[in-house]
>>> print(open('input-v1.cif').read())   # mmCIF, C-alpha atoms
data_input
loop_
_atom_site.group_PDB
_atom_site.id
_atom_site.type_symbol
_atom_site.label_atom_id
_atom_site.label_comp_id
_atom_site.auth_asym_id
_atom_site.auth_seq_id
_atom_site.Cartn_x
_atom_site.Cartn_y
_atom_site.Cartn_z
ATOM 1 C CA MET F 1 0.000 0.000 0.000
ATOM 2 C CA LYS F 2 1.220 3.476 -0.884
ATOM 3 C CA LEU F 3 2.006 5.838 1.989
ATOM 4 C CA LYS F 4 2.564 9.440 0.913
ATOM 5 C CA LYS F 5 6.072 10.503 1.830
ATOM 6 C CA ILE F 6 6.593 13.750 3.721
ATOM 7 C CA THR F 7 9.832 15.600 4.370
ATOM 8 C CA ILE F 8 10.799 16.170 8.004
ATOM 9 C CA GLN F 9 13.919 17.084 9.965
ATOM 10 C CA LYS F 10 16.610 14.456 10.260
ATOM 11 C CA GLU F 11 17.482 12.618 13.479
ATOM 12 C CA THR F 12 14.056 12.963 15.052
ATOM 13 C CA LYS F 13 12.846 9.894 16.897
ATOM 14 C CA VAL F 14 9.261 9.226 15.775
ATOM 15 C CA THR F 15 6.876 6.881 17.606
ATOM 16 C CA PHE F 16 3.337 5.952 16.609
ATOM 17 C CA SER F 17 0.929 4.033 18.832
ATOM 18 C CA SER F 18 -2.550 2.808 18.051
ATOM 19 C CA PRO F 19 -4.843 0.668 20.211
ATOM 20 C CA GLU F 20 -7.076 0.042 17.200
ATOM 21 C CA LEU F 21 -5.244 -2.645 15.266
ATOM 22 C CA LEU F 22 -7.599 -5.319 13.945
ATOM 23 C CA PHE F 23 -6.923 -8.084 11.450
ATOM 24 C CA LEU F 24 -8.186 -11.597 10.802
ATOM 25 C CA ALA F 25 -6.554 -14.912 11.563
ATOM 26 C CA GLN F 26 -6.441 -17.514 8.811
ATOM 27 C CA SER F 27 -9.580 -18.981 10.407
ATOM 28 C CA GLY F 28 -11.396 -15.672 10.050
ATOM 29 C CA GLN F 29 -11.258 -15.032 13.776
ATOM 30 C CA PRO F 30 -10.500 -11.385 14.605
ATOM 31 C CA TYR F 31 -7.284 -10.372 16.321
ATOM 32 C CA ARG F 32 -7.132 -7.105 18.241
ATOM 33 C CA GLY F 33 -3.995 -5.447 19.377
ATOM 34 C CA VAL F 34 -1.986 -2.349 20.134
ATOM 35 C CA LEU F 35 0.492 -1.271 17.477
ATOM 36 C CA HIS F 36 3.727 0.590 18.129
ATOM 37 C CA VAL F 37 6.021 1.879 15.394
ATOM 38 C CA GLN F 38 9.302 3.660 16.036
ATOM 39 C CA PHE F 39 12.075 4.981 13.825
ATOM 40 C CA GLU F 40 14.719 7.651 13.593
ATOM 41 C CA SER F 41 14.236 10.104 10.809
ATOM 42 C CA VAL F 42 16.661 10.366 7.930
ATOM 43 C CA GLY F 43 14.515 13.208 6.555
ATOM 44 C CA GLU F 44 11.339 11.299 5.706
ATOM 45 C CA SER F 45 8.086 10.240 7.338
ATOM 46 C CA PHE F 46 4.677 9.257 6.004
ATOM 47 C CA ASP F 47 1.286 10.937 5.823
ATOM 48 C CA LEU F 48 -0.697 10.053 8.930
ATOM 49 C CA LEU F 49 -4.020 9.770 7.088
ATOM 50 C CA ASP F 50 -2.511 7.257 4.670
ATOM 51 C CA PHE F 51 -1.165 5.268 7.587
ATOM 52 C CA LYS F 52 -4.577 5.243 9.246
ATOM 53 C CA LYS F 53 -6.143 3.996 6.012
ATOM 54 C CA TYR F 54 -3.509 1.297 5.786
ATOM 55 C CA ILE F 55 -4.164 0.143 9.347
ATOM 56 C CA THR F 56 -7.907 0.152 8.636
ATOM 57 C CA SER F 57 -7.373 -1.930 5.489
ATOM 58 C CA LEU F 58 -6.006 -4.760 7.632
ATOM 59 C CA ARG F 59 -9.486 -5.327 9.130
ATOM 60 C CA SER F 60 -10.437 -7.523 6.209
ATOM 61 C CA LYS F 61 -7.084 -9.257 5.653
ATOM 62 C CA ASN F 62 -5.960 -12.617 6.969
ATOM 63 C CA PHE F 63 -2.558 -13.116 8.591
ATOM 64 C CA TYR F 64 -0.886 -15.474 10.958
ATOM 65 C CA ALA F 65 -0.521 -13.486 14.168
ATOM 66 C CA GLU F 66 3.229 -14.009 14.028
ATOM 67 C CA ASP F 67 3.421 -12.248 10.628
ATOM 68 C CA ILE F 68 1.633 -9.014 11.468
ATOM 69 C CA ALA F 69 4.672 -7.062 12.703
ATOM 70 C CA HIS F 70 6.597 -8.043 9.576
ATOM 71 C CA GLU F 71 3.684 -6.981 7.360
ATOM 72 C CA ILE F 72 3.565 -3.492 8.866
ATOM 73 C CA PHE F 73 7.343 -3.156 8.941
ATOM 74 C CA THR F 74 7.607 -4.069 5.269
ATOM 75 C CA THR F 75 4.902 -1.621 4.216
ATOM 76 C CA ILE F 76 6.668 1.245 5.980
ATOM 77 C CA GLU F 77 10.075 0.192 4.703
ATOM 78 C CA GLN F 78 8.801 0.109 1.120
ATOM 79 C CA ASN F 79 7.507 3.675 1.351
ATOM 80 C CA ILE F 80 10.035 5.696 3.304
ATOM 81 C CA ASN F 81 13.675 5.607 4.279
ATOM 82 C CA THR F 82 14.285 5.359 8.009
ATOM 83 C CA LYS F 83 16.940 4.439 10.517
ATOM 84 C CA ASN F 84 16.312 1.857 13.249
ATOM 85 C CA LEU F 85 12.722 1.100 12.216
ATOM 86 C CA GLY F 86 10.932 -1.198 14.637
ATOM 87 C CA VAL F 87 7.379 -2.527 14.944
ATOM 88 C CA VAL F 88 5.838 -4.044 18.071
ATOM 89 C CA VAL F 89 2.323 -5.492 18.213
ATOM 90 C CA ASP F 90 0.750 -6.499 21.522
ATOM 91 C CA LEU F 91 -2.234 -8.704 20.767
ATOM 92 C CA THR F 92 -5.065 -9.160 23.196
ATOM 93 C CA ALA F 93 -5.102 -12.594 24.789
ATOM 94 C CA ARG F 94 -6.699 -15.542 23.035
ATOM 95 C CA GLY F 95 -7.366 -18.684 25.048
ATOM 96 C CA GLY F 96 -5.573 -17.134 27.990
ATOM 97 C CA ILE F 97 -2.376 -16.557 25.998
ATOM 98 C CA GLN F 98 -1.042 -13.122 25.102
ATOM 99 C CA GLN F 99 1.326 -12.626 22.188
ATOM 100 C CA ARG F 100 3.792 -9.841 21.479
ATOM 101 C CA LEU F 101 5.214 -9.696 17.960
ATOM 102 C CA SER F 102 8.257 -7.588 17.148
ATOM 103 C CA PHE F 103 10.139 -6.979 13.927
ATOM 104 C CA GLY F 104 13.107 -4.761 13.155
ATOM 105 C CA PHE F 105 14.867 -2.501 15.627
ATOM 106 C CA ASN F 106 14.306 -3.568 19.206
ATOM 107 C CA PHE F 107 12.591 -1.025 21.473
ATOM 108 C CA GLU F 108 10.391 -1.108 24.553
ATOM 109 C CA PRO F 109 7.063 0.550 23.744
ATOM 110 C CA THR F 110 5.351 2.833 26.194
ATOM 111 C CA PHE F 111 1.622 3.342 26.010
ATOM 112 C CA LYS F 112 -0.366 6.300 27.208
ATOM 113 C CA ASN F 113 -3.710 5.232 28.602
ATOM 114 C CA ARG F 114 -5.334 8.488 27.715
ATOM 115 C CA PHE F 115 -4.524 10.127 24.456
ATOM 116 C CA PHE F 116 -6.807 11.939 22.125
ATOM 117 C CA GLN F 117 -7.647 10.382 18.808
ATOM 118 C CA VAL F 118 -8.978 12.275 15.860
ATOM 119 C CA MET J 119 -35.582 -17.405 19.679
ATOM 120 C CA PRO J 120 -35.601 -20.806 21.365
ATOM 121 C CA THR J 121 -33.828 -21.731 24.573
ATOM 122 C CA HIS J 122 -31.317 -24.512 24.127
ATOM 123 C CA HIS J 123 -30.527 -27.275 26.521
ATOM 124 C CA LYS J 124 -26.800 -27.451 27.070
ATOM 125 C CA ALA J 125 -26.410 -30.314 24.614
ATOM 126 C CA GLU J 126 -28.177 -28.310 21.910
ATOM 127 C CA LEU J 127 -25.873 -25.298 21.886
ATOM 128 C CA THR J 128 -24.360 -25.122 18.421
ATOM 129 C CA ASN J 129 -21.448 -22.688 18.926
ATOM 130 C CA LEU J 130 -19.933 -23.543 22.289
ATOM 131 C CA GLY J 131 -17.510 -26.430 21.908
ATOM 132 C CA SER J 132 -17.883 -26.531 18.155
ATOM 133 C CA LYS J 133 -14.672 -27.501 16.367
ATOM 134 C CA ILE J 134 -15.547 -25.237 13.453
ATOM 135 C CA THR J 135 -16.438 -21.625 14.135
ATOM 136 C CA ASN J 136 -17.952 -19.625 11.332
ATOM 137 C CA TYR J 137 -17.615 -15.880 11.670
ATOM 138 C CA SER J 138 -20.335 -13.733 10.186
ATOM 139 C CA TYR J 139 -19.206 -10.418 8.695
ATOM 140 C CA GLU J 140 -22.761 -9.077 8.486
ATOM 141 C CA TYR J 141 -25.043 -8.197 11.396
ATOM 142 C CA ASN J 142 -26.784 -11.399 12.422
ATOM 143 C CA PRO J 143 -28.893 -11.597 15.609
ATOM 144 C CA LYS J 144 -29.749 -15.212 14.772
ATOM 145 C CA LEU J 145 -26.284 -16.140 16.034
ATOM 146 C CA LEU J 146 -27.427 -15.580 19.610
ATOM 147 C CA GLU J 147 -28.188 -18.658 21.680
ATOM 148 C CA THR J 148 -29.454 -19.178 25.206
ATOM 149 C CA PHE J 149 -29.326 -21.786 27.888
ATOM 150 C CA GLU J 150 -31.685 -22.249 30.788
ATOM 151 C CA ASN J 151 -31.072 -20.407 34.051
ATOM 152 C CA ALA J 152 -30.562 -23.001 36.810
ATOM 153 C CA HIS J 153 -31.579 -20.536 39.529
ATOM 154 C CA PRO J 154 -34.493 -18.475 38.195
ATOM 155 C CA GLN J 155 -35.887 -18.010 41.702
ATOM 156 C CA ASN J 156 -32.781 -15.997 42.645
ATOM 157 C CA ASP J 157 -32.123 -12.451 41.592
ATOM 158 C CA TYR J 158 -28.466 -12.142 40.692
ATOM 159 C CA TRP J 159 -26.359 -9.984 38.418
ATOM 160 C CA VAL J 160 -24.481 -11.212 35.388
ATOM 161 C CA THR J 161 -21.927 -8.867 33.845
ATOM 162 C CA LEU J 162 -20.508 -9.442 30.387
ATOM 163 C CA ASN J 163 -17.564 -7.278 29.279
ATOM 164 C CA ALA J 164 -16.785 -7.099 25.587
ATOM 165 C CA ASP J 165 -13.574 -5.135 25.080
ATOM 166 C CA GLU J 166 -13.201 -5.709 21.360
ATOM 167 C CA PHE J 167 -16.414 -4.378 19.901
ATOM 168 C CA THR J 168 -16.062 -2.724 16.512
ATOM 169 C CA SER J 169 -18.427 -1.361 13.894
ATOM 170 C CA LEU J 170 -18.311 1.334 11.211
ATOM 171 C CA CYS J 171 -19.363 4.935 11.105
ATOM 172 C CA PRO J 172 -22.494 4.926 8.906
ATOM 173 C CA ILE J 173 -21.399 8.093 7.109
ATOM 174 C CA THR J 174 -17.635 7.816 6.645
ATOM 175 C CA ASN J 175 -17.247 4.028 6.931
ATOM 176 C CA GLN J 176 -14.346 4.594 9.292
ATOM 177 C CA PRO J 177 -13.976 1.998 12.029
ATOM 178 C CA ASP J 178 -15.227 2.610 15.544
ATOM 179 C CA PHE J 179 -14.081 0.696 18.608
ATOM 180 C CA GLY J 180 -15.418 0.389 22.081
ATOM 181 C CA THR J 181 -16.030 -1.655 25.178
ATOM 182 C CA LEU J 182 -19.545 -2.938 25.779
ATOM 183 C CA ILE J 183 -20.661 -3.731 29.298
ATOM 184 C CA ILE J 184 -23.828 -5.785 29.644
ATOM 185 C CA ASN J 185 -25.340 -6.148 33.113
ATOM 186 C CA TYR J 186 -28.479 -8.221 33.553
ATOM 187 C CA ILE J 187 -30.628 -10.115 36.032
ATOM 188 C CA PRO J 188 -31.607 -13.352 34.301
ATOM 189 C CA HIS J 189 -35.049 -14.855 34.298
ATOM 190 C CA ILE J 190 -35.491 -18.137 32.422
ATOM 191 C CA ASN J 191 -33.002 -17.706 29.589
ATOM 192 C CA MET J 192 -29.360 -16.697 29.691
ATOM 193 C CA VAL J 193 -27.237 -15.707 26.729
ATOM 194 C CA GLU J 194 -24.455 -18.139 25.877
ATOM 195 C CA SER J 195 -21.214 -16.161 25.752
ATOM 196 C CA LYS J 196 -19.637 -17.650 22.635
ATOM 197 C CA SER J 197 -22.769 -16.937 20.652
ATOM 198 C CA LEU J 198 -22.652 -13.400 22.063
ATOM 199 C CA LYS J 199 -19.047 -13.064 20.905
ATOM 200 C CA LEU J 200 -19.972 -14.136 17.376
ATOM 201 C CA TYR J 201 -23.027 -11.869 17.372
ATOM 202 C CA LEU J 202 -21.024 -8.837 18.499
ATOM 203 C CA PHE J 203 -18.366 -9.557 15.889
ATOM 204 C CA SER J 204 -21.055 -9.577 13.198
ATOM 205 C CA PHE J 205 -21.216 -5.773 13.563
ATOM 206 C CA ILE J 206 -17.721 -5.449 12.036
ATOM 207 C CA ASN J 207 -18.973 -4.129 8.703
ATOM 208 C CA ASN J 208 -22.193 -2.604 10.008
ATOM 209 C CA GLY J 209 -22.649 1.139 9.799
ATOM 210 C CA GLU J 210 -24.206 2.306 13.076
ATOM 211 C CA PHE J 211 -24.017 5.395 15.235
ATOM 212 C CA HIS J 212 -22.858 4.533 18.756
ATOM 213 C CA GLU J 213 -26.251 5.432 20.198
ATOM 214 C CA GLU J 214 -28.040 3.204 17.668
ATOM 215 C CA VAL J 215 -25.837 0.199 18.140
ATOM 216 C CA VAL J 216 -26.143 0.174 21.941
ATOM 217 C CA ASN J 217 -29.939 0.326 21.699
ATOM 218 C CA LYS J 218 -30.004 -2.347 18.988
ATOM 219 C CA ILE J 219 -27.907 -4.734 21.067
ATOM 220 C CA GLY J 220 -30.049 -4.046 24.122
ATOM 221 C CA LYS J 221 -33.250 -4.785 22.219
ATOM 222 C CA ASP J 222 -31.814 -7.951 20.665
ATOM 223 C CA LEU J 223 -30.803 -9.245 24.101
ATOM 224 C CA VAL J 224 -34.190 -8.407 25.601
ATOM 225 C CA ALA J 225 -35.922 -10.233 22.739
ATOM 226 C CA LEU J 226 -33.573 -13.177 23.228
ATOM 227 C CA MET J 227 -33.723 -13.592 26.994
ATOM 228 C CA GLN J 228 -36.667 -11.635 28.389
ATOM 229 C CA PRO J 229 -34.506 -10.865 31.433
ATOM 230 C CA LYS J 230 -35.772 -9.374 34.664
ATOM 231 C CA TYR J 231 -33.454 -6.423 34.103
ATOM 232 C CA LEU J 232 -30.835 -5.542 31.490
ATOM 233 C CA GLU J 233 -28.569 -2.637 30.700
ATOM 234 C CA VAL J 234 -25.992 -2.118 27.976
ATOM 235 C CA ILE J 235 -23.300 0.530 28.299
ATOM 236 C CA GLY J 236 -21.069 1.454 25.377
ATOM 237 C CA LEU J 237 -17.685 3.032 26.104
ATOM 238 C CA PHE J 238 -16.527 4.039 22.662
ATOM 239 C CA TYR J 239 -13.067 5.309 21.826
ATOM 240 C CA PRO J 240 -12.835 9.050 21.170
ATOM 241 C CA ARG J 241 -13.371 10.433 17.705
ATOM 242 C CA GLY J 242 -12.629 14.088 17.097
ATOM 243 C CA ASN J 243 -11.611 14.307 20.779
ATOM 244 C CA ILE J 244 -15.101 13.248 21.873
ATOM 245 C CA SER J 245 -15.926 9.863 23.347
ATOM 246 C CA ILE J 246 -19.556 8.732 23.421
ATOM 247 C CA HIS J 247 -20.927 6.501 26.179
ATOM 248 C CA PRO J 248 -24.580 5.628 25.473
ATOM 249 C CA SER J 249 -26.641 3.427 27.788
ATOM 250 C CA PHE J 250 -29.686 1.207 27.294
ATOM 251 C CA PHE J 251 -32.004 0.226 30.161
ATOM 252 C CA TYR J 252 -34.776 -2.363 30.275
ATOM 253 C CA ALA J 253 -36.815 -3.851 33.128
ATOM 254 C CA LYS J 254 -39.759 -6.212 33.347
ATOM 255 C CA GLU J 255 -43.021 -4.611 34.397
ATOM 256 C CA GLU J 256 -42.726 -5.933 37.949
ATOM 257 C CA GLU J 257 -42.291 -2.993 40.327
ATOM 258 C CA LYS J 258 -39.068 -4.323 41.862
ATOM 259 C CA TYR J 259 -37.261 -4.314 38.531
ATOM 260 C CA GLN J 260 -38.800 -1.050 37.413
ATOM 261 C CA LYS J 261 -37.357 0.517 40.572
ATOM 262 C CA ILE J 262 -33.901 -0.777 39.672
ATOM 263 C CA LYS J 263 -34.239 0.706 36.210
ATOM 264 C CA GLU J 264 -35.453 4.021 37.562
ATOM 265 C CA HIS J 265 -32.681 4.167 40.158
ATOM 266 C CA ARG J 266 -29.924 3.384 37.703
ATOM 267 C CA PHE J 267 -31.327 5.760 35.106
ATOM 268 C CA MET J 268 -31.794 8.616 37.564
ATOM 269 C CA ASN J 269 -28.327 8.160 39.063
ATOM 270 C CA HIS J 270 -26.457 7.837 35.821
ATOM 271 C CA ASN J 271 -23.180 9.748 35.674
ATOM 272 C CA LEU J 272 -23.803 11.838 38.786
ATOM 273 C CA ASN J 273 -20.086 12.348 39.254
ATOM 274 C CA PRO J 274 -18.771 12.916 35.766
ATOM 275 C CA LYS J 275 -15.077 12.550 35.249
ATOM 276 C CA ARG J 276 -12.810 12.607 32.290
ATOM 277 C CA GLU J 277 -12.474 9.162 30.771
ATOM 278 C CA GLY J 278 -10.305 8.008 27.887
#
>>> encode(input="input-v1.cif", output="structure tokens")
Amino acid sequence: MKLKKITIQKETKVTFSSPELLFLAQSGQPYRGVLHVQFESVGESFDLLDFKKYITSLRSKNFYAEDIAHEIFTTIEQNINTKNLGVVVDLTARGGIQQRLSFGFNFEPTFKNRFFQV
Amino acid sequence: MPTHHKAELTNLGSKITNYSYEYNPKLLETFENAHPQNDYWVTLNADEFTSLCPITNQPDFGTLIINYIPHINMVESKSLKLYLFSFINNGEFHEEVVNKIGKDLVALMQPKYLEVIGLFYPRGNISIHPSFFYAKEEEKYQKIKEHRFMNHNLNPKREG
């Protein structure tokens, strides 16, 4: 999916968090999770509206849970140049088991309980 | 909607689960309350509810809290999960969807009392928390409904 590239200052650490990740397992069962994306700018970022549309598009797509971080990482990597790009997905528990999927640069996500969403 | 004996429930324990991507109240199933002579609360929390904005088609998310006092029939939770998921592609305002779910559950169970509270995620910096209340005609349950309705949100506070 195409994410519109925008020009930003270099060497800025950028972090995105969304509690609204939803995609389908191969069985059709829904997965819900919190998405975290982090990178250091080399002068580029992506349009936030495009990213929201991309995340929304996953609602009707089937993935193995273990592949979701790679999917998002690859989409970002194909659209903009970054340094130390990392993706972390914390899925809500299924059958009493919680999964965290990470791909790329390792970072520990922090999550604000109360942030405003537009 | 018929009440099922435990052995007749079609979703719970099924090895194959079919997910409906269109609103489908027929997915709901009940089982018989073993203690209908007792008044007791049942709370069902659904943290992963999602539907669409009917105008923009953008996704909405929220937590649904269902509190009820059962009578003869009780909703089976896996069928409730599948039913709630069937809203995924349904365009509904938050206020509509909470009332629709409340009415579907009343039609299903005919409970002594039932309320549905929707805690939807903010959109445009505004979060919407609609509530649905139902009680049987019996005075005792009408008093519960009146009390909970009259005392709703007396101490408002900022919530995510």
>>> residues_around(input="input-v1.cif", residues="Gln99 of chain F", least_positions_apart="2", cutoff="10 Å", atoms="all atoms listed in the file", output="tab-separated table (two decimals) with C-alpha atoms, in the coordinates of the input")
chain	number	residue	atom	x	y	z
F	33	GLY	CA	-4.00	-5.45	19.38
F	65	ALA	CA	-0.52	-13.49	14.17
F	66	GLU	CA	3.23	-14.01	14.03
F	89	VAL	CA	2.32	-5.49	18.21
F	90	ASP	CA	0.75	-6.50	21.52
F	91	LEU	CA	-2.23	-8.70	20.77
F	92	THR	CA	-5.07	-9.16	23.20
F	93	ALA	CA	-5.10	-12.59	24.79
F	94	ARG	CA	-6.70	-15.54	23.04
F	97	ILE	CA	-2.38	-16.56	26.00
F	101	LEU	CA	5.21	-9.70	17.96
F	102	SER	CA	8.26	-7.59	17.15
>>> interface_residues(input="input-v1.cif", of="chain J", to="chain F", cutoff="12 Å", atoms="all atoms listed in the file", output="JSON, numbers by chain")
{"J": [133, 134, 135, 136, 137, 138, 139, 165, 166, 167, 168, 169, 170, 175, 176, 177, 178, 179, 180, 199, 200, 202, 203, 204, 206, 207, 238, 239, 240, 241, 242, 243, 244, 245, 276, 277, 278]}
>>> write_last_selection(input="input-v1.cif", atoms="C-alpha atoms", output="mmCIF file, in the coordinates of the input")
data_model
loop_
_atom_site.group_PDB
_atom_site.id
_atom_site.type_symbol
_atom_site.label_atom_id
_atom_site.label_comp_id
_atom_site.auth_asym_id
_atom_site.auth_seq_id
_atom_site.Cartn_x
_atom_site.Cartn_y
_atom_site.Cartn_z
ATOM 1 C CA LYS J 133 -14.672 -27.501 16.367
ATOM 2 C CA ILE J 134 -15.547 -25.237 13.453
ATOM 3 C CA THR J 135 -16.438 -21.625 14.135
ATOM 4 C CA ASN J 136 -17.952 -19.625 11.332
ATOM 5 C CA TYR J 137 -17.615 -15.880 11.670
ATOM 6 C CA SER J 138 -20.335 -13.733 10.186
ATOM 7 C CA TYR J 139 -19.206 -10.418 8.695
ATOM 8 C CA ASP J 165 -13.574 -5.135 25.080
ATOM 9 C CA GLU J 166 -13.201 -5.709 21.360
ATOM 10 C CA PHE J 167 -16.414 -4.378 19.901
ATOM 11 C CA THR J 168 -16.062 -2.724 16.512
ATOM 12 C CA SER J 169 -18.427 -1.361 13.894
ATOM 13 C CA LEU J 170 -18.311 1.334 11.211
ATOM 14 C CA ASN J 175 -17.247 4.028 6.931
ATOM 15 C CA GLN J 176 -14.346 4.594 9.292
ATOM 16 C CA PRO J 177 -13.976 1.998 12.029
ATOM 17 C CA ASP J 178 -15.227 2.610 15.544
ATOM 18 C CA PHE J 179 -14.081 0.696 18.608
ATOM 19 C CA GLY J 180 -15.418 0.389 22.081
ATOM 20 C CA LYS J 199 -19.047 -13.064 20.905
ATOM 21 C CA LEU J 200 -19.972 -14.136 17.376
ATOM 22 C CA LEU J 202 -21.024 -8.837 18.499
ATOM 23 C CA PHE J 203 -18.366 -9.557 15.889
ATOM 24 C CA SER J 204 -21.055 -9.577 13.198
ATOM 25 C CA ILE J 206 -17.721 -5.449 12.036
ATOM 26 C CA ASN J 207 -18.973 -4.129 8.703
ATOM 27 C CA PHE J 238 -16.527 4.039 22.662
ATOM 28 C CA TYR J 239 -13.067 5.309 21.826
ATOM 29 C CA PRO J 240 -12.835 9.050 21.170
ATOM 30 C CA ARG J 241 -13.371 10.433 17.705
ATOM 31 C CA GLY J 242 -12.629 14.088 17.097
ATOM 32 C CA ASN J 243 -11.611 14.307 20.779
ATOM 33 C CA ILE J 244 -15.101 13.248 21.873
ATOM 34 C CA SER J 245 -15.926 9.863 23.347
ATOM 35 C CA ARG J 276 -12.810 12.607 32.290
ATOM 36 C CA GLU J 277 -12.474 9.162 30.771
ATOM 37 C CA GLY J 278 -10.305 8.008 27.887
#
>>> residues_around(input="input-v1.cif", residues="His212 of chain J", least_positions_apart="5", cutoff="8 Å", atoms="only C-alpha atoms", output="short mmCIF file (atom, residue, chain, number, x, y, z; two decimals) with C-alpha atoms, in the coordinates of the input")
data_model
loop_
_atom_site.label_atom_id
_atom_site.label_comp_id
_atom_site.auth_asym_id
_atom_site.auth_seq_id
_atom_site.Cartn_x
_atom_site.Cartn_y
_atom_site.Cartn_z
CA GLY J 236 -21.07 1.45 25.38
CA PHE J 238 -16.53 4.04 22.66
CA ILE J 246 -19.56 8.73 23.42
CA HIS J 247 -20.93 6.50 26.18
CA PRO J 248 -24.58 5.63 25.47
#
>>> atom_distance(input="input-v1.cif", atom1="atom CA of Ala69 of chain F", atom2="atom CA of Leu48 of chain F")
18.3 Å
>>> residues_around(input="input-v1.cif", residues="Phe211 of chain J", least_positions_apart="2", cutoff="8 Å", atoms="only C-alpha atoms", output="PDB file with C-alpha atoms, keeping the file's coordinate frame")
ATOM      1  CA  CYS J 171     -19.363   4.935  11.105  1.00  0.00           C
ATOM      2  CA  PRO J 172     -22.494   4.926   8.906  1.00  0.00           C
ATOM      3  CA  GLY J 209     -22.649   1.139   9.799  1.00  0.00           C
ATOM      4  CA  GLU J 213     -26.251   5.432  20.198  1.00  0.00           C
ATOM      5  CA  GLU J 214     -28.040   3.204  17.668  1.00  0.00           C
ATOM      6  CA  VAL J 215     -25.837   0.199  18.140  1.00  0.00           C
TER       7      VAL J 215
END
>>> atom_distance(input="input-v1.cif", atom1="atom CA of Asn84 of chain F", atom2="atom CA of Thr7 of chain F")
17.6 Å
>>> resolve_selection(input="input-v1.cif", expression="the PyMOL selection byres ((chain F and resi 39) around 8)", output="PyMOL selection string")
chain F and resi 13-15+37-38+40-41+82-86
>>> resolve_selection(input="input-v1.cif", expression="the PyMOL selection byres ((chain F and resi 71) around 12)", output="PyMOL selection string")
chain F and resi 1+23+54-55+58+61-70+72-78+86-89+101-104
>>> atom_distance(input="input-v1.cif", atom1="atom CA of Thr148 of chain J", atom2="atom CA of Tyr259 of chain J")
21.4 Å
>>> resolve_selection(input="input-v1.cif", expression="the PyMOL selection byres ((chain F and resi 44) around 9)", output="PDB file with C-alpha atoms, in the frame of the given file")
ATOM      1  CA  LYS F   5       6.072  10.503   1.830  1.00  0.00           C
ATOM      2  CA  ILE F   6       6.593  13.750   3.721  1.00  0.00           C
ATOM      3  CA  THR F   7       9.832  15.600   4.370  1.00  0.00           C
ATOM      4  CA  ILE F   8      10.799  16.170   8.004  1.00  0.00           C
ATOM      5  CA  GLN F   9      13.919  17.084   9.965  1.00  0.00           C
ATOM      6  CA  LYS F  10      16.610  14.456  10.260  1.00  0.00           C
ATOM      7  CA  SER F  41      14.236  10.104  10.809  1.00  0.00           C
ATOM      8  CA  VAL F  42      16.661  10.366   7.930  1.00  0.00           C
ATOM      9  CA  GLY F  43      14.515  13.208   6.555  1.00  0.00           C
ATOM     10  CA  SER F  45       8.086  10.240   7.338  1.00  0.00           C
ATOM     11  CA  PHE F  46       4.677   9.257   6.004  1.00  0.00           C
ATOM     12  CA  ILE F  80      10.035   5.696   3.304  1.00  0.00           C
ATOM     13  CA  ASN F  81      13.675   5.607   4.279  1.00  0.00           C
ATOM     14  CA  THR F  82      14.285   5.359   8.009  1.00  0.00           C
TER      15      THR F  82
END
>>> residues_around(input="input-v1.cif", residues="Lys221 of chain J", least_positions_apart="6", cutoff="10 Å", atoms="only C-alpha atoms", output="PyMOL selection string")
chain J and resi 215+228+232-234+250-252
>>> build_atoms(input="input-v1.cif", residues="segment 152-162 of chain J", atoms="N, CA and C atoms", output="compact mmCIF listing (two decimals), in the frame of the given file")
# COMPACT_ATOMS: atom_id res chain seq x y z
N ALA J 152 -30.36 -21.95 35.80
CA ALA J 152 -30.56 -23.00 36.81
C ALA J 152 -31.14 -22.45 38.11
N HIS J 153 -31.13 -21.14 38.27
CA HIS J 153 -31.58 -20.54 39.53
C HIS J 153 -32.52 -19.36 39.27
N PRO J 154 -33.61 -19.60 38.56
CA PRO J 154 -34.49 -18.48 38.20
C PRO J 154 -35.19 -17.84 39.39
N GLN J 155 -35.24 -18.57 40.50
CA GLN J 155 -35.89 -18.01 41.70
C GLN J 155 -35.00 -16.96 42.38
N ASN J 156 -33.72 -16.96 42.05
CA ASN J 156 -32.78 -16.00 42.64
C ASN J 156 -32.63 -14.78 41.73
N ASP J 157 -32.53 -13.63 42.34
CA ASP J 157 -32.12 -12.45 41.59
C ASP J 157 -30.61 -12.32 41.73
N TYR J 158 -29.92 -12.33 40.64
CA TYR J 158 -28.47 -12.14 40.69
C TYR J 158 -27.99 -11.46 39.41
N TRP J 159 -26.89 -10.73 39.56
CA TRP J 159 -26.36 -9.98 38.42
C TRP J 159 -25.42 -10.85 37.60
N VAL J 160 -25.48 -10.67 36.30
CA VAL J 160 -24.48 -11.21 35.39
C VAL J 160 -23.91 -10.03 34.61
N THR J 161 -22.59 -9.93 34.60
CA THR J 161 -21.93 -8.87 33.84
C THR J 161 -21.09 -9.49 32.74
N LEU J 162 -21.28 -8.99 31.55
CA LEU J 162 -20.51 -9.44 30.39
C LEU J 162 -19.72 -8.24 29.85
